[in-house]
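> Next comes the structure file target08.cif, holding mmCIF, C-alpha atoms.
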data_run
#
loop_
_atom_site.group_PDB
_atom_site.id
_atom_site.type_symbol
_atom_site.label_atom_id
_atom_site.label_comp_id
_atom_site.auth_asym_id
_atom_site.auth_seq_id
_atom_site.Cartn_x
_atom_site.Cartn_y
_atom_site.Cartn_z
ATOM 1 C CA MET A 1 -0.212 -18.639 3.464
ATOM 2 C CA GLN A 2 1.220 -15.409 2.169
ATOM 3 C CA THR A 3 0.953 -12.112 3.993
ATOM 4 C CA ILE A 4 -1.333 -9.774 2.065
ATOM 5 C CA ILE A 5 -0.844 -6.588 4.100
ATOM 6 C CA LYS A 6 2.860 -5.760 4.362
ATOM 7 C CA LYS A 7 2.816 -2.381 6.133
ATOM 8 C CA PRO A 8 0.880 0.877 6.321
ATOM 9 C CA VAL A 9 2.114 3.783 4.226
ATOM 10 C CA ILE A 10 2.579 6.772 6.528
ATOM 11 C CA THR A 11 3.295 9.918 4.533
ATOM 12 C CA GLU A 12 1.915 13.438 4.699
ATOM 13 C CA LYS A 13 -0.498 12.771 1.848
ATOM 14 C CA ALA A 14 -1.695 9.446 3.296
ATOM 15 C CA THR A 15 -2.169 10.986 6.759
ATOM 16 C CA LYS A 16 -4.222 13.843 5.327
ATOM 17 C CA LEU A 17 -6.363 11.331 3.385
ATOM 18 C CA SER A 18 -7.059 9.397 6.575
ATOM 19 C CA GLU A 19 -8.024 12.549 8.503
ATOM 20 C CA VAL A 20 -10.186 14.157 5.828
ATOM 21 C CA SER A 21 -11.874 11.351 3.892
ATOM 22 C CA ASN A 22 -11.443 8.240 6.112
ATOM 23 C CA ARG A 23 -9.078 6.509 3.632
ATOM 24 C CA PHE A 24 -6.049 4.522 4.726
ATOM 25 C CA THR A 25 -3.065 3.487 2.619
ATOM 26 C CA PHE A 26 -1.197 0.167 2.820
ATOM 27 C CA GLU A 27 1.608 -1.559 0.958
ATOM 28 C CA VAL A 28 0.235 -4.943 -0.101
ATOM 29 C CA ASP A 29 1.409 -8.100 -1.842
ATOM 30 C CA ARG A 30 1.700 -7.640 -5.618
ATOM 31 C CA ASN A 31 -0.326 -10.761 -6.388
ATOM 32 C CA SER A 32 -3.301 -9.936 -4.148
ATOM 33 C CA ASN A 33 -6.611 -8.677 -5.502
ATOM 34 C CA LYS A 34 -9.144 -6.209 -4.081
ATOM 35 C CA ILE A 35 -11.323 -8.850 -2.444
ATOM 36 C CA GLU A 36 -8.360 -10.402 -0.610
ATOM 37 C CA ILE A 37 -7.188 -6.958 0.520
ATOM 38 C CA LYS A 38 -10.675 -6.074 1.791
ATOM 39 C CA ASN A 39 -10.970 -9.325 3.764
ATOM 40 C CA ALA A 40 -7.473 -8.947 5.255
ATOM 41 C CA ILE A 41 -8.118 -5.362 6.431
ATOM 42 C CA GLU A 42 -11.489 -6.280 7.934
ATOM 43 C CA LYS A 43 -9.977 -9.251 9.759
ATOM 44 C CA MET A 44 -6.846 -7.432 10.948
ATOM 45 C CA TYR A 45 -8.435 -4.173 12.176
ATOM 46 C CA GLY A 46 -12.084 -5.130 12.797
ATOM 47 C CA VAL A 47 -13.576 -2.416 10.561
ATOM 48 C CA HIS A 48 -15.990 -2.418 7.629
ATOM 49 C CA VAL A 49 -14.307 -1.640 4.280
ATOM 50 C CA THR A 50 -16.493 0.123 1.706
ATOM 51 C CA ASP A 51 -14.030 0.600 -1.171
ATOM 52 C CA VAL A 52 -10.532 -0.490 -2.280
ATOM 53 C CA HIS A 53 -8.324 1.200 -4.890
ATOM 54 C CA THR A 54 -5.035 -0.407 -5.959
ATOM 55 C CA LEU A 55 -1.995 1.098 -7.674
ATOM 56 C CA ASN A 56 1.067 -0.675 -9.090
ATOM 57 C CA TYR A 57 4.456 1.038 -8.892
ATOM 58 C CA GLY A 58 7.931 0.377 -10.220
ATOM 59 C CA GLY A 59 9.384 -1.945 -12.785
ATOM 60 C CA GLY A 60 10.926 0.718 -14.973
ATOM 61 C CA VAL A 61 14.528 1.808 -15.272
ATOM 62 C CA SER A 62 15.411 3.829 -12.194
ATOM 63 C CA SER A 63 19.079 4.636 -12.728
ATOM 64 C CA VAL A 64 21.807 4.317 -15.300
ATOM 65 C CA LYS A 65 25.406 3.881 -14.154
ATOM 66 C CA TYR A 66 28.393 4.435 -16.392
ATOM 67 C CA THR A 67 31.086 1.962 -15.355
ATOM 68 C CA ASN A 68 34.302 0.748 -16.925
ATOM 69 C CA LYS A 69 32.405 -2.350 -18.117
ATOM 70 C CA GLY A 70 29.809 -0.274 -19.920
ATOM 71 C CA ILE A 71 26.397 1.151 -19.143
ATOM 72 C CA VAL A 72 24.477 -0.641 -16.373
ATOM 73 C CA GLU A 73 20.733 -0.098 -15.901
ATOM 74 C CA GLN A 74 18.882 -0.952 -12.722
ATOM 75 C CA LYS A 75 15.176 -1.624 -12.377
ATOM 76 C CA SER A 76 13.220 0.035 -9.609
ATOM 77 C CA LYS A 77 11.478 -2.022 -6.934
ATOM 78 C CA GLN A 78 7.999 -3.214 -7.914
ATOM 79 C CA TRP A 79 5.310 -2.795 -5.271
ATOM 80 C CA LYS A 80 1.553 -2.401 -4.932
ATOM 81 C CA LYS A 81 -0.337 0.170 -2.901
ATOM 82 C CA ALA A 82 -3.940 -0.113 -1.726
ATOM 83 C CA VAL A 83 -6.054 2.861 -0.666
ATOM 84 C CA VAL A 84 -8.864 1.530 1.507
ATOM 85 C CA THR A 85 -12.023 3.507 2.368
ATOM 86 C CA ILE A 86 -13.510 2.708 5.792
ATOM 87 C CA ALA A 87 -17.184 3.115 6.740
ATOM 88 C CA ASP A 88 -18.241 6.361 8.431
ATOM 89 C CA GLY A 89 -17.720 6.420 12.174
ATOM 90 C CA GLU A 90 -14.926 3.821 12.119
ATOM 91 C CA THR A 91 -11.182 4.427 12.195
ATOM 92 C CA ILE A 92 -7.861 2.585 12.232
ATOM 93 C CA ASP A 93 -5.207 3.631 14.716
ATOM 94 C CA LEU A 94 -2.014 2.913 12.760
ATOM 95 C CA PHE A 95 0.376 4.365 15.330
ATOM 96 C CA ASN A 96 -0.559 2.087 18.251
ATOM 97 C CA ASN A 97 -0.762 -1.182 16.277
ATOM 98 C CA TYR A 98 2.901 -1.262 15.232
#
Have the structure of the file written as structure tokens, please.

Amino acid sequence: MQTIIKKPVITEKATKLSEVSNRFTFEVDRNSNKIEIKNAIEKMYGVHVTDVHTLNYGGGVSSVKYTNKGIVEQKSKQWKKAVVTIADGETIDLFNNY
């Protein structure tokens, strides 16, 4: 079985979202859908998920290098982010679980 939730995304924007609007951000498997993400979060943290938003990143050309063999292009890493809304009154403590 594949791991759906890879790691939480802890940035300034994600932390503010969790404090203000009870939304938490995770890096998830690229092939997972919203229902699988919802079930994995509910099972892992024991909370009730009300909404899931997903975003796909990467895949484009990230850098061009000029070498003696010609121009070399590199693709950026492809990854998927899920922003999960938790029911009112519940929370996830990301800093003590990892």
> I'd like to see the residues matched by the PyMOL selection byres ((chain A and resi 66-81) around 10) on this file, and ideally I'd get them as a PDB file with C-alpha atoms, in the coordinates of the input.

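The resulting selection.pdb:
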ATOM      1  CA  ILE A   5      -0.844  -6.588   4.100  1.00  0.00           C
ATOM      2  CA  LYS A   6       2.860  -5.760   4.362  1.00  0.00           C
ATOM      3  CA  LYS A   7       2.816  -2.381   6.133  1.00  0.00           C
ATOM      4  CA  PRO A   8       0.880   0.877   6.321  1.00  0.00           C
ATOM      5  CA  VAL A   9       2.114   3.783   4.226  1.00  0.00           C
ATOM      6  CA  THR A  25      -3.065   3.487   2.619  1.00  0.00           C
ATOM      7  CA  PHE A  26      -1.197   0.167   2.820  1.00  0.00           C
ATOM      8  CA  GLU A  27       1.608  -1.559   0.958  1.00  0.00           C
ATOM      9  CA  VAL A  28       0.235  -4.943  -0.101  1.00  0.00           C
ATOM     10  CA  ASP A  29       1.409  -8.100  -1.842  1.00  0.00           C
ATOM     11  CA  ARG A  30       1.700  -7.640  -5.618  1.00  0.00           C
ATOM     12  CA  ASN A  31      -0.326 -10.761  -6.388  1.00  0.00           C
ATOM     13  CA  SER A  32      -3.301  -9.936  -4.148  1.00  0.00           C
ATOM     14  CA  HIS A  53      -8.324   1.200  -4.890  1.00  0.00           C
ATOM     15  CA  THR A  54      -5.035  -0.407  -5.959  1.00  0.00           C
ATOM     16  CA  LEU A  55      -1.995   1.098  -7.674  1.00  0.00           C
ATOM     17  CA  ASN A  56       1.067  -0.675  -9.090  1.00  0.00           C
ATOM     18  CA  TYR A  57       4.456   1.038  -8.892  1.00  0.00           C
ATOM     19  CA  GLY A  58       7.931   0.377 -10.220  1.00  0.00           C
ATOM     20  CA  GLY A  59       9.384  -1.945 -12.785  1.00  0.00           C
ATOM     21  CA  GLY A  60      10.926   0.718 -14.973  1.00  0.00           C
ATOM     22  CA  VAL A  61      14.528   1.808 -15.272  1.00  0.00           C
ATOM     23  CA  SER A  62      15.411   3.829 -12.194  1.00  0.00           C
ATOM     24  CA  SER A  63      19.079   4.636 -12.728  1.00  0.00           C
ATOM     25  CA  VAL A  64      21.807   4.317 -15.300  1.00  0.00           C
ATOM     26  CA  LYS A  65      25.406   3.881 -14.154  1.00  0.00           C
ATOM     27  CA  ALA A  82      -3.940  -0.113  -1.726  1.00  0.00           C
ATOM     28  CA  VAL A  83      -6.054   2.861  -0.666  1.00  0.00           C
ATOM     29  CA  VAL A  84      -8.864   1.530   1.507  1.00  0.00           C
TER      30      VAL A  84
END
> Between atom CA of A:His48 and atom CA of A:Glu36, what is the distance, to one decimal in Å?
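Distance reported for this atom pair: 13.8 Å.
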> Between atom CA of A:Asp88 and atom CA of A:Ile10, what is the distance in Å, rounded to a tenth?
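According to the coordinates, atom CA of A:Asp88 and atom CA of A:Ile10 are separated by 20.9 Å.
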> With 4 Å added on each side, what axis-aligned box encloses every listed atom of stretch 46-53 of chain A? Give the centre and edge lengths in Å to one decimal, as lines of an AutoDock Vina configuration file.

center_x = -12.4
center_y = -2.0
center_z = 4.0
size_x = 16.2
size_y = 14.3
size_z = 25.7
> For a test of reading the model, state the distance in Å between atom CA of A:Val52 and atom CA of A:Lys34, rounded to one decimal.
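Interatomic distance, atom CA of A:Val52 to atom CA of A:Lys34: 6.2 Å.
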